[in-house]
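Okay, input28.cif now, which holds mmCIF, C-alpha atoms and all ligand atoms:
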```
data_upload
loop_
_atom_site.label_atom_id
_atom_site.label_comp_id
_atom_site.auth_asym_id
_atom_site.auth_seq_id
_atom_site.Cartn_x
_atom_site.Cartn_y
_atom_site.Cartn_z
CA MET A 1 -70.83 -58.15 124.25
CA PHE A 2 -69.23 -54.78 123.48
CA GLN A 3 -71.06 -52.73 126.08
CA ASN A 4 -68.74 -50.37 127.93
CA ARG A 5 -68.43 -46.88 129.48
CA LEU A 6 -69.03 -45.27 126.10
CA THR A 7 -72.20 -47.21 125.22
CA ARG A 8 -73.59 -46.58 128.70
CA MET A 9 -72.80 -42.87 128.58
CA LEU A 10 -74.35 -42.40 125.13
CA GLY A 11 -77.23 -44.83 125.69
CA ILE A 12 -76.39 -46.89 122.60
CA GLN A 13 -76.23 -50.63 121.94
CA HIS A 14 -73.03 -50.86 119.86
CA PRO A 15 -69.93 -48.64 120.22
CA ILE A 16 -70.09 -47.48 116.60
CA LEU A 17 -70.39 -43.77 115.85
CA GLN A 18 -71.11 -42.16 112.50
CA GLY A 19 -69.02 -39.01 112.31
CA GLY A 20 -70.64 -35.77 111.19
CA MET A 21 -70.28 -35.35 107.42
CA GLN A 22 -71.00 -32.13 105.55
CA TRP A 23 -73.92 -32.65 103.07
CA VAL A 24 -74.14 -36.36 103.97
CA SER A 25 -75.12 -36.51 107.66
CA ARG A 26 -78.81 -35.81 107.21
CA ALA A 27 -81.78 -37.38 108.95
CA GLU A 28 -81.90 -40.49 106.72
CA LEU A 29 -78.37 -41.56 107.58
CA ALA A 30 -78.08 -40.40 111.19
CA GLY A 31 -81.52 -41.83 111.98
CA ALA A 32 -80.62 -45.19 110.41
CA VAL A 33 -77.34 -45.45 112.34
CA SER A 34 -79.05 -44.73 115.66
CA GLU A 35 -81.90 -47.09 114.80
CA ALA A 36 -79.29 -49.81 114.09
CA GLY A 37 -77.91 -49.38 117.63
CA GLY A 38 -74.98 -47.04 116.90
CA LEU A 39 -74.81 -43.28 117.27
CA GLY A 40 -75.94 -41.29 114.24
CA ILE A 41 -74.66 -37.71 114.06
CA LEU A 42 -76.28 -34.91 112.05
CA SER A 43 -74.07 -32.25 110.51
CA ALA A 44 -75.39 -28.91 111.75
CA LEU A 45 -73.68 -26.74 109.14
CA THR A 46 -75.17 -28.76 106.27
CA PHE A 47 -78.28 -26.70 106.95
CA PRO A 48 -77.92 -23.08 105.87
CA THR A 49 -80.22 -21.68 108.55
CA PRO A 50 -80.92 -22.65 112.17
CA GLN A 51 -84.61 -23.12 111.17
CA GLU A 52 -83.72 -25.75 108.55
CA PHE A 53 -81.40 -27.40 111.06
CA ALA A 54 -84.22 -27.57 113.63
CA ALA A 55 -86.51 -29.16 111.02
CA GLU A 56 -83.83 -31.80 110.32
CA ILE A 57 -83.62 -32.69 114.01
CA LYS A 58 -87.39 -33.25 113.96
CA ARG A 59 -87.06 -35.41 110.82
CA THR A 60 -84.42 -37.49 112.60
CA ARG A 61 -86.73 -37.95 115.59
CA ALA A 62 -89.41 -39.25 113.21
CA ILE A 63 -86.97 -41.95 112.08
CA THR A 64 -85.60 -42.97 115.46
CA GLY A 65 -86.53 -42.68 119.10
CA LYS A 66 -82.95 -43.58 120.05
CA PRO A 67 -80.17 -41.13 120.95
CA PHE A 68 -78.42 -39.27 118.14
CA GLY A 69 -75.93 -36.44 118.09
CA VAL A 70 -75.09 -33.28 116.21
CA ASN A 71 -71.72 -32.31 114.73
CA LEU A 72 -70.49 -28.75 115.08
CA THR A 73 -67.51 -28.19 112.81
CA LEU A 74 -65.56 -25.19 114.05
CA LEU A 75 -63.25 -24.74 111.06
CA PRO A 76 -62.76 -21.41 109.28
CA THR A 77 -65.43 -20.94 106.59
CA MET A 78 -65.60 -18.64 103.59
CA LYS A 79 -68.94 -17.27 104.82
CA PRO A 80 -68.98 -16.40 108.55
CA ILE A 81 -71.27 -18.69 110.58
CA ASN A 82 -73.02 -17.87 113.82
CA ILE A 83 -72.26 -21.04 115.79
CA GLU A 84 -74.23 -19.76 118.80
CA SER A 85 -77.44 -19.79 116.76
CA TYR A 86 -76.90 -23.49 115.98
CA ILE A 87 -76.22 -24.16 119.67
CA ASP A 88 -79.53 -22.41 120.47
CA VAL A 89 -81.27 -24.98 118.25
CA ILE A 90 -79.39 -27.92 119.79
CA ILE A 91 -80.42 -26.81 123.28
CA ASN A 92 -84.01 -25.88 122.37
CA GLU A 93 -84.55 -29.15 120.53
CA GLY A 94 -83.18 -31.14 123.46
CA VAL A 95 -80.31 -32.85 121.62
CA LYS A 96 -78.08 -34.39 124.27
CA ILE A 97 -74.93 -35.31 122.36
CA VAL A 98 -72.64 -32.97 120.38
CA GLU A 99 -69.55 -33.86 118.36
CA THR A 100 -67.22 -30.88 117.98
CA ALA A 101 -64.32 -30.75 115.53
CA GLY A 102 -61.98 -28.34 113.80
CA ARG A 103 -60.79 -26.42 116.86
CA SER A 104 -61.24 -26.40 120.61
CA PRO A 105 -64.88 -26.16 121.71
CA GLU A 106 -63.78 -24.23 124.82
CA PRO A 107 -65.77 -21.05 124.01
CA TYR A 108 -68.98 -23.10 123.89
CA MET A 109 -68.38 -25.55 126.75
CA GLU A 110 -70.17 -23.55 129.41
CA ARG A 111 -73.40 -23.44 127.41
CA LEU A 112 -73.19 -27.04 126.22
CA LYS A 113 -72.40 -28.50 129.65
CA GLY A 114 -74.91 -26.16 131.30
CA ALA A 115 -77.57 -27.75 129.11
CA GLY A 116 -76.48 -31.25 130.18
CA ILE A 117 -75.00 -32.09 126.78
CA ILE A 118 -72.38 -34.81 126.33
CA VAL A 119 -69.49 -33.35 124.33
CA ILE A 120 -67.43 -35.62 122.11
CA HIS A 121 -64.47 -33.66 120.79
CA LYS A 122 -62.87 -35.02 117.63
CA CYS A 123 -59.24 -34.01 117.16
CA VAL A 124 -56.02 -35.09 115.49
CA ALA A 125 -53.27 -34.92 118.12
CA VAL A 126 -52.64 -36.23 121.64
CA ARG A 127 -52.12 -32.70 123.02
CA PHE A 128 -55.53 -31.63 121.66
CA ALA A 129 -57.11 -34.69 123.31
CA LYS A 130 -55.56 -33.65 126.64
CA THR A 131 -56.94 -30.14 126.21
CA ALA A 132 -60.38 -31.60 125.44
CA GLU A 133 -60.29 -33.56 128.68
CA ARG A 134 -59.08 -30.53 130.65
CA ILE A 135 -61.87 -28.27 129.40
CA GLY A 136 -64.52 -30.82 130.35
CA CYS A 137 -65.26 -32.84 127.21
CA ASP A 138 -66.78 -36.22 128.01
CA VAL A 139 -65.28 -38.26 125.17
CA VAL A 140 -62.41 -37.73 122.78
CA SER A 141 -62.53 -39.03 119.24
CA ILE A 142 -59.06 -39.23 117.70
CA ASP A 143 -58.76 -38.98 113.92
CA GLY A 144 -55.72 -40.70 112.41
CA PHE A 145 -53.95 -39.67 109.21
CA GLU A 146 -55.97 -42.24 107.22
CA CYS A 147 -59.19 -40.38 107.87
CA ALA A 148 -61.47 -38.59 105.47
CA GLY A 149 -61.64 -34.86 105.94
CA HIS A 150 -59.04 -33.00 107.97
CA PRO A 151 -56.30 -35.22 109.39
CA GLY A 152 -54.21 -32.27 110.63
CA GLU A 153 -50.65 -31.54 109.64
CA GLU A 154 -48.66 -34.15 111.54
CA ASP A 155 -49.51 -37.32 109.62
CA ILE A 156 -49.76 -39.73 112.55
CA THR A 157 -51.79 -42.84 111.80
CA SER A 158 -54.49 -44.34 113.99
CA LEU A 159 -52.29 -47.27 115.00
CA ILE A 160 -50.04 -44.82 116.87
CA LEU A 161 -52.48 -42.06 117.82
CA VAL A 162 -55.14 -44.23 119.43
CA PRO A 163 -52.98 -45.98 122.07
CA LEU A 164 -51.06 -42.76 122.79
CA THR A 165 -54.35 -40.95 123.38
CA VAL A 166 -55.66 -43.78 125.55
CA ASP A 167 -52.51 -43.44 127.67
CA ALA A 168 -52.87 -39.67 127.89
CA VAL A 169 -56.49 -39.23 129.01
CA LYS A 170 -58.95 -40.87 131.40
CA ILE A 171 -62.15 -40.12 129.46
CA PRO A 172 -63.31 -42.69 126.88
CA VAL A 173 -61.44 -42.58 123.57
CA VAL A 174 -63.08 -43.28 120.22
CA ALA A 175 -60.85 -44.43 117.37
CA SER A 176 -61.58 -42.56 114.17
CA GLY A 177 -59.96 -42.79 110.77
CA GLY A 178 -59.45 -46.00 108.86
CA PHE A 179 -62.23 -48.08 110.40
CA GLY A 180 -64.78 -49.84 108.22
CA ASP A 181 -65.16 -53.47 109.21
CA ALA A 182 -65.13 -55.86 112.17
CA ARG A 183 -61.36 -56.38 111.98
CA GLY A 184 -60.71 -52.67 112.42
CA PHE A 185 -63.32 -52.47 115.16
CA VAL A 186 -61.72 -55.24 117.24
CA ALA A 187 -58.28 -53.76 116.58
CA ALA A 188 -59.50 -50.39 117.89
CA LEU A 189 -60.72 -52.04 121.09
CA ALA A 190 -57.38 -53.83 121.39
CA LEU A 191 -55.65 -50.45 121.18
CA GLY A 192 -57.70 -49.30 124.16
CA ALA A 193 -60.43 -47.33 122.37
CA GLU A 194 -63.98 -47.85 123.59
CA GLY A 195 -65.54 -47.47 120.17
CA VAL A 196 -65.00 -46.49 116.56
CA ASN A 197 -66.13 -43.48 114.58
CA MET A 198 -66.68 -44.06 110.85
CA GLY A 199 -67.30 -41.61 108.04
CA THR A 200 -66.23 -43.03 104.68
CA ARG A 201 -67.81 -46.46 105.30
CA PHE A 202 -71.22 -44.91 106.01
CA VAL A 203 -71.21 -42.96 102.72
CA ALA A 204 -71.45 -46.29 100.89
CA THR A 205 -74.70 -47.39 102.52
CA GLN A 206 -78.23 -47.52 101.14
CA GLU A 207 -79.43 -44.72 103.40
CA ALA A 208 -76.65 -42.21 102.70
CA PRO A 209 -78.38 -39.38 100.82
CA VAL A 210 -75.84 -39.12 98.01
CA HIS A 211 -76.02 -39.93 94.29
CA PRO A 212 -75.63 -43.68 93.50
CA ARG A 213 -72.63 -42.88 91.27
CA VAL A 214 -70.76 -41.61 94.34
CA LYS A 215 -71.39 -44.92 96.13
CA GLU A 216 -70.19 -46.83 93.03
CA TRP A 217 -67.07 -44.63 93.01
CA PHE A 218 -66.36 -45.59 96.62
CA ILE A 219 -66.65 -49.29 95.69
CA ARG A 220 -64.31 -48.88 92.70
CA ALA A 221 -61.71 -46.80 94.55
CA SER A 222 -58.70 -48.51 96.08
CA GLU A 223 -56.68 -47.53 99.14
CA ARG A 224 -54.34 -45.68 96.72
CA ASP A 225 -57.03 -43.39 95.33
CA THR A 226 -57.14 -40.69 98.01
CA MET A 227 -54.87 -37.67 98.07
CA LEU A 228 -54.20 -34.61 100.21
CA VAL A 229 -55.20 -31.08 99.21
CA GLN A 230 -55.03 -27.68 100.95
CA ARG A 231 -51.79 -28.60 102.71
CA SER A 232 -50.32 -25.24 101.71
CA LEU A 233 -53.21 -23.58 103.58
CA LYS A 234 -52.46 -25.66 106.71
CA ASN A 235 -55.97 -27.01 106.36
CA THR A 236 -55.15 -30.38 104.83
CA GLY A 237 -58.03 -32.42 103.50
CA ARG A 238 -58.09 -36.03 102.34
CA VAL A 239 -60.19 -36.43 99.21
CA LEU A 240 -60.70 -38.88 96.35
CA ARG A 241 -58.38 -38.32 93.40
CA ASN A 242 -60.17 -36.59 90.50
CA PRO A 243 -59.25 -33.83 88.03
CA ILE A 244 -60.25 -31.05 90.44
CA ALA A 245 -58.20 -32.49 93.30
CA GLU A 246 -55.20 -32.88 90.95
CA LYS A 247 -55.65 -29.30 89.75
CA VAL A 248 -55.83 -27.94 93.32
CA ALA A 249 -52.67 -29.84 94.30
CA GLU A 250 -50.87 -28.56 91.20
CA MET A 251 -51.91 -24.96 91.88
CA GLU A 252 -50.66 -25.34 95.45
CA ARG A 253 -47.29 -26.55 94.16
CA HIS A 254 -47.14 -23.31 92.16
CA GLY A 255 -47.86 -21.14 95.18
CA ALA A 256 -51.61 -20.51 94.74
CA ARG A 257 -53.30 -18.59 97.54
CA LEU A 258 -56.69 -19.20 99.16
CA GLU A 259 -58.35 -16.65 96.84
CA ASP A 260 -57.05 -18.59 93.80
CA LEU A 261 -58.13 -21.96 95.17
CA ALA A 262 -61.49 -20.87 96.58
CA PRO A 263 -63.53 -21.37 93.38
CA LEU A 264 -62.35 -24.99 93.18
CA ILE A 265 -62.37 -26.02 96.84
CA THR A 266 -65.71 -24.45 97.73
CA GLY A 267 -68.09 -26.77 99.56
CA GLN A 268 -70.82 -25.81 97.10
CA ARG A 269 -68.98 -27.78 94.39
CA GLY A 270 -68.71 -30.78 96.69
CA LYS A 271 -72.43 -30.50 97.42
CA LYS A 272 -73.30 -30.51 93.72
CA LEU A 273 -71.05 -33.53 93.12
CA LEU A 274 -72.94 -35.49 95.77
CA GLU A 275 -76.33 -34.44 94.40
CA THR A 276 -75.72 -34.92 90.68
CA GLY A 277 -73.15 -37.72 90.65
CA ASP A 278 -70.87 -35.59 88.44
CA LEU A 279 -67.70 -37.03 89.92
CA ASP A 280 -65.37 -34.40 88.41
CA TYR A 281 -67.29 -31.39 89.67
CA GLY A 282 -65.71 -30.78 93.08
CA LEU A 283 -63.66 -32.21 95.93
CA GLN A 284 -64.98 -35.43 97.47
CA THR A 285 -63.88 -36.03 101.06
CA CYS A 286 -62.89 -39.67 101.54
CA GLY A 287 -60.58 -41.79 103.71
CA GLN A 288 -58.11 -44.54 102.83
CA VAL A 289 -60.53 -47.12 104.25
CA VAL A 290 -62.36 -46.72 100.94
CA GLY A 291 -60.07 -49.53 99.73
CA LEU A 292 -61.91 -51.89 102.10
CA ILE A 293 -65.38 -51.02 100.79
CA HIS A 294 -66.86 -53.51 98.37
CA ASP A 295 -70.62 -53.13 98.77
CA VAL A 296 -73.49 -50.77 99.58
CA PRO A 297 -75.40 -52.47 102.42
CA THR A 298 -78.18 -50.98 104.50
CA VAL A 299 -76.84 -49.35 107.66
CA LYS A 300 -78.46 -52.09 109.75
CA ASP A 301 -76.85 -54.87 107.70
CA LEU A 302 -73.47 -53.13 108.00
CA VAL A 303 -73.71 -52.66 111.77
CA ASP A 304 -75.09 -56.19 112.33
CA ARG A 305 -72.36 -57.68 110.16
CA MET A 306 -69.65 -55.79 112.02
CA MET A 307 -70.96 -56.93 115.38
CA THR A 308 -71.41 -60.58 114.34
CA GLU A 309 -67.97 -60.76 112.77
CA ALA A 310 -66.39 -58.93 115.71
CA LYS A 311 -67.76 -61.56 118.09
CA GLU A 312 -66.40 -64.32 115.80
CA ILE A 313 -62.97 -62.67 115.84
CA VAL A 314 -62.94 -62.45 119.63
CA VAL A 315 -63.93 -66.13 119.91
CA ARG A 316 -61.26 -67.10 117.37
CA LEU A 317 -58.59 -65.17 119.28
CA GLN A 318 -59.62 -66.81 122.53
CA THR A 319 -59.53 -70.24 120.93
CA VAL A 320 -56.07 -69.59 119.52
CA SER A 321 -54.78 -68.47 122.90
CA GLU A 322 -56.19 -71.57 124.60
CA THR A 323 -54.62 -74.07 122.17
C1 LIG B 401 -67.99 -37.06 102.95
C2 LIG B 401 -67.41 -36.72 104.28
C3 LIG B 401 -67.66 -35.46 104.84
C4 LIG B 401 -67.14 -35.15 106.10
N1 LIG B 401 -67.44 -33.93 106.66
C5 LIG B 401 -67.06 -33.67 107.95
C6 LIG B 401 -67.48 -32.47 108.60
O1 LIG B 401 -68.19 -31.64 108.03
N2 LIG B 401 -67.09 -32.28 109.89
C7 LIG B 401 -66.32 -33.19 110.56
O2 LIG B 401 -66.03 -32.97 111.74
N3 LIG B 401 -65.90 -34.31 109.97
C8 LIG B 401 -66.24 -34.58 108.68
N4 LIG B 401 -65.87 -35.76 108.09
C9 LIG B 401 -65.01 -36.70 108.85
C10 LIG B 401 -65.83 -37.79 109.55
O3 LIG B 401 -66.75 -37.27 110.47
C11 LIG B 401 -64.91 -38.77 110.28
O4 LIG B 401 -64.17 -38.10 111.28
C12 LIG B 401 -63.95 -39.46 109.34
O5 LIG B 401 -64.60 -39.78 108.14
C13 LIG B 401 -63.36 -40.71 109.96
O6 LIG B 401 -62.49 -41.32 109.08
P1 LIG B 401 -62.94 -42.48 108.03
O7 LIG B 401 -63.48 -41.76 106.87
O8 LIG B 401 -61.66 -43.19 107.76
O9 LIG B 401 -63.97 -43.33 108.70
C14 LIG B 401 -66.35 -36.09 106.81
C15 LIG B 401 -66.10 -37.35 106.22
C16 LIG B 401 -66.63 -37.67 104.99
C17 LIG B 401 -66.36 -39.04 104.41
#
```
Please express what this file holds, its structure, as structure tokens.
Amino acid sequence: MFQNRLTRMLGIQHPILQGGMQWVSRAELAGAVSEAGGLGILSALTFPTPQEFAAEIKRTRAITGKPFGVNLTLLPTMKPINIESYIDVIINEGVKIVETAGRSPEPYMERLKGAGIIVIHKCVAVRFAKTAERIGCDVVSIDGFECAGHPGEEDITSLILVPLTVDAVKIPVVASGGFGDARGFVAALALGAEGVNMGTRFVATQEAPVHPRVKEWFIRASERDTMLVQRSLKNTGRVLRNPIAEKVAEMERHGARLEDLAPLITGQRGKKLLETGDLDYGLQTCGQVVGLIHDVPTVKDLVDRMMTEAKEIVVRLQTVSET
């Protein structure tokens, strides 16, 4: 029922994408999302070396024969990363879909397109979406202010950003940020998007390779439990409220610099939190949609439920309009 340009281009059954998530988007999760008919996306930089990344692509292939993608996050990192070496792996392993984020993928477009790769660029402003289209990206994924991770510095929510982006570009638009159930999915289509990209919702699934206490935290958290950190660095991140996040925000209010914040905001702390379930250990990326999460289904049950309920909503809307 929801087949469109995006599903045809990506070779998927349902227009549901699982955004790349540092430490979370491993084979188990990405493979399960693709197997369920959506598009699973591995996070390349979760793997410290290109060799480990290549092994993870093989592990994903053992789980699913269906298309999956790889996320390349192009944000500044404390340790320099050789992105080209990860692109070598993507090309050598024959991955055909890449999600870029963080900054313009322009320096890498020639290689990616030359290898026949579909590039989905995820960004946070209409002008960035237009640039993505101009430089040859195939799909633009637009992340509203509600989203987990880096919503940018302009605080425009999905309800505004999605239709504005749809009006501004001709390539398919994916709505990202704030989506977690069938209602949001149908709303995204109504806004003109051709699919949704979800991060937070997929963390609370059986297959997500994170400690069970993190999933329980996501169930407990309400829509009021996320906060913004790193705004003073112009690298805003939306995370779940915990003592470390509060401390970072307080230090920022007192003029702390990157060097002062680095020991607290390091991704290594976030990694340990996810592995050990010590919820106060680091920053936990999370979107406001966490308030809509009340269970930890399998990925397949989640995707099936969203599709079944989405069809029911469409039928209900048609019935209402006919009476
Ligand atoms: C735990 C977590 C880690 C994330 N890490 C990344 C990342 O490394 N790179 C990236 O481009 N997006 C990252 N994201 C953002 C997601 O890919 C996606 O854009 C976002 O979660 C969509 O908003 P939602 O959480 O409201 O669904 C992360 C999200 C979560 C929840």
Return as lines of an AutoDock Vina configuration file the box centre and box size in Å, one decimal, for an axis-aligned box around all listed atoms of ligand LIG 401 (chain B) padded by 8 Å per side.
```
center_x = -64.9
center_y = -37.5
center_z = 107.3
size_x = 22.5
size_y = 27.7
size_z = 24.8
```
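With all atoms listed in the file as the atoms that count, the minimum distance from ligand LIG 401 (chain B) to the choices A:Thr285, A:Thr49, A:Gln230, A:Gln3 is reached by A:Thr285.
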Closest pair table for segment 191-283 of chain A residues within 12 Å of segment 69-75 of chain A, only C-alpha atoms, as a tab-separated table:
```
residue	atom	partner	partner_atom	distance
A:Lys234	CA	A:Leu75	CA	11.7
A:Asn235	CA	A:Leu75	CA	9.0
A:Thr236	CA	A:Leu75	CA	11.7
A:Gly237	CA	A:Leu75	CA	12.0
```
**Asked** Do you know which residues lie at most 12 Å from (-75.0, -35.7, 111.9), with coordinates as in the file and only C-alpha atoms counted, and could you write them as a PyMOL selection string?
**Response** chain A and resi 17-34+39-47+53+56-57+60+67-73+90+95+97-100+198-199+202+208
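Distances from A:Val303, A:Ile118, A:Ile293, A:Ala249 to Phe185 of chain A were compared using all atoms listed in the file, and the smallest one belongs to A:Val303.
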**Item:** One-decimal distance in Å that lies between atom CA of Thr308 of chain A and atom C11 of ligand LIG 401 (chain B)
**Value:** 23.1 Å
**Asked** Interatomic distance between atom CA of Arg269 of chain A and atom CA of Arg201 of chain A?
**Response** 21.7 Å
Is it possible to add N, CA, C and O atoms to segment 22-43 of chain A and hand it back as a compact mmCIF listing (two decimals), in the coordinates of the input?
```txt
# COMPACT_ATOMS: atom_id res chain seq x y z
N GLN A 22 -70.36 -33.23 106.28
CA GLN A 22 -71.00 -32.13 105.55
C GLN A 22 -71.75 -32.67 104.34
O GLN A 22 -71.21 -33.47 103.58
N TRP A 23 -72.99 -32.29 104.17
CA TRP A 23 -73.92 -32.65 103.07
C TRP A 23 -74.41 -34.09 103.16
O TRP A 23 -75.31 -34.47 102.43
N VAL A 24 -73.79 -34.93 103.96
CA VAL A 24 -74.14 -36.36 103.97
C VAL A 24 -74.91 -36.73 105.25
O VAL A 24 -75.85 -37.53 105.20
N SER A 25 -74.50 -36.15 106.37
CA SER A 25 -75.12 -36.51 107.66
C SER A 25 -76.46 -35.81 107.82
O SER A 25 -76.57 -34.83 108.56
N ARG A 26 -77.44 -36.32 107.11
CA ARG A 26 -78.81 -35.81 107.21
C ARG A 26 -79.63 -36.84 107.98
O ARG A 26 -79.12 -37.88 108.37
N ALA A 27 -80.91 -36.54 108.11
CA ALA A 27 -81.78 -37.38 108.95
C ALA A 27 -81.77 -38.85 108.52
O ALA A 27 -81.71 -39.75 109.37
N GLU A 28 -81.81 -39.10 107.21
CA GLU A 28 -81.90 -40.49 106.72
C GLU A 28 -80.76 -41.34 107.26
O GLU A 28 -80.95 -42.47 107.71
N LEU A 29 -79.54 -40.78 107.17
CA LEU A 29 -78.37 -41.56 107.58
C LEU A 29 -78.23 -41.60 109.10
O LEU A 29 -78.11 -42.67 109.69
N ALA A 30 -78.27 -40.43 109.73
CA ALA A 30 -78.08 -40.40 111.19
C ALA A 30 -79.17 -41.22 111.87
O ALA A 30 -78.90 -41.99 112.81
N GLY A 31 -80.41 -41.09 111.39
CA GLY A 31 -81.52 -41.83 111.98
C GLY A 31 -81.31 -43.33 111.82
O GLY A 31 -81.55 -44.11 112.77
N ALA A 32 -80.82 -43.75 110.65
CA ALA A 32 -80.62 -45.19 110.41
C ALA A 32 -79.52 -45.73 111.30
O ALA A 32 -79.62 -46.85 111.81
N VAL A 33 -78.45 -44.95 111.51
CA VAL A 33 -77.34 -45.45 112.34
C VAL A 33 -77.82 -45.61 113.79
O VAL A 33 -77.56 -46.62 114.44
N SER A 34 -78.56 -44.62 114.29
CA SER A 34 -79.05 -44.73 115.66
C SER A 34 -80.04 -45.88 115.78
O SER A 34 -80.00 -46.65 116.75
N GLU A 35 -80.90 -46.02 114.79
CA GLU A 35 -81.90 -47.09 114.80
C GLU A 35 -81.20 -48.46 114.81
O GLU A 35 -81.68 -49.40 115.41
N ALA A 36 -80.03 -48.54 114.16
CA ALA A 36 -79.29 -49.81 114.09
C ALA A 36 -78.51 -50.07 115.38
O ALA A 36 -77.81 -51.08 115.50
N GLY A 37 -78.57 -49.15 116.34
CA GLY A 37 -77.91 -49.38 117.63
C GLY A 37 -76.61 -48.62 117.81
O GLY A 37 -75.98 -48.70 118.86
N GLY A 38 -76.18 -47.88 116.77
CA GLY A 38 -74.98 -47.04 116.90
C GLY A 38 -75.38 -45.62 117.26
O GLY A 38 -76.50 -45.39 117.74
N LEU A 39 -74.46 -44.68 117.04
CA LEU A 39 -74.81 -43.28 117.27
C LEU A 39 -74.73 -42.53 115.95
O LEU A 39 -73.64 -42.32 115.40
N GLY A 40 -75.90 -42.13 115.43
CA GLY A 40 -75.94 -41.29 114.24
C GLY A 40 -75.67 -39.85 114.64
O GLY A 40 -76.05 -39.42 115.73
N ILE A 41 -75.00 -39.12 113.75
CA ILE A 41 -74.66 -37.71 114.06
C ILE A 41 -75.02 -36.84 112.86
O ILE A 41 -74.51 -37.04 111.75
N LEU A 42 -75.90 -35.88 113.09
CA LEU A 42 -76.28 -34.91 112.05
C LEU A 42 -75.17 -33.88 111.91
O LEU A 42 -74.52 -33.54 112.88
N SER A 43 -75.04 -33.33 110.71
CA SER A 43 -74.07 -32.25 110.51
C SER A 43 -74.81 -30.92 110.52
O SER A 43 -75.55 -30.60 109.59
```
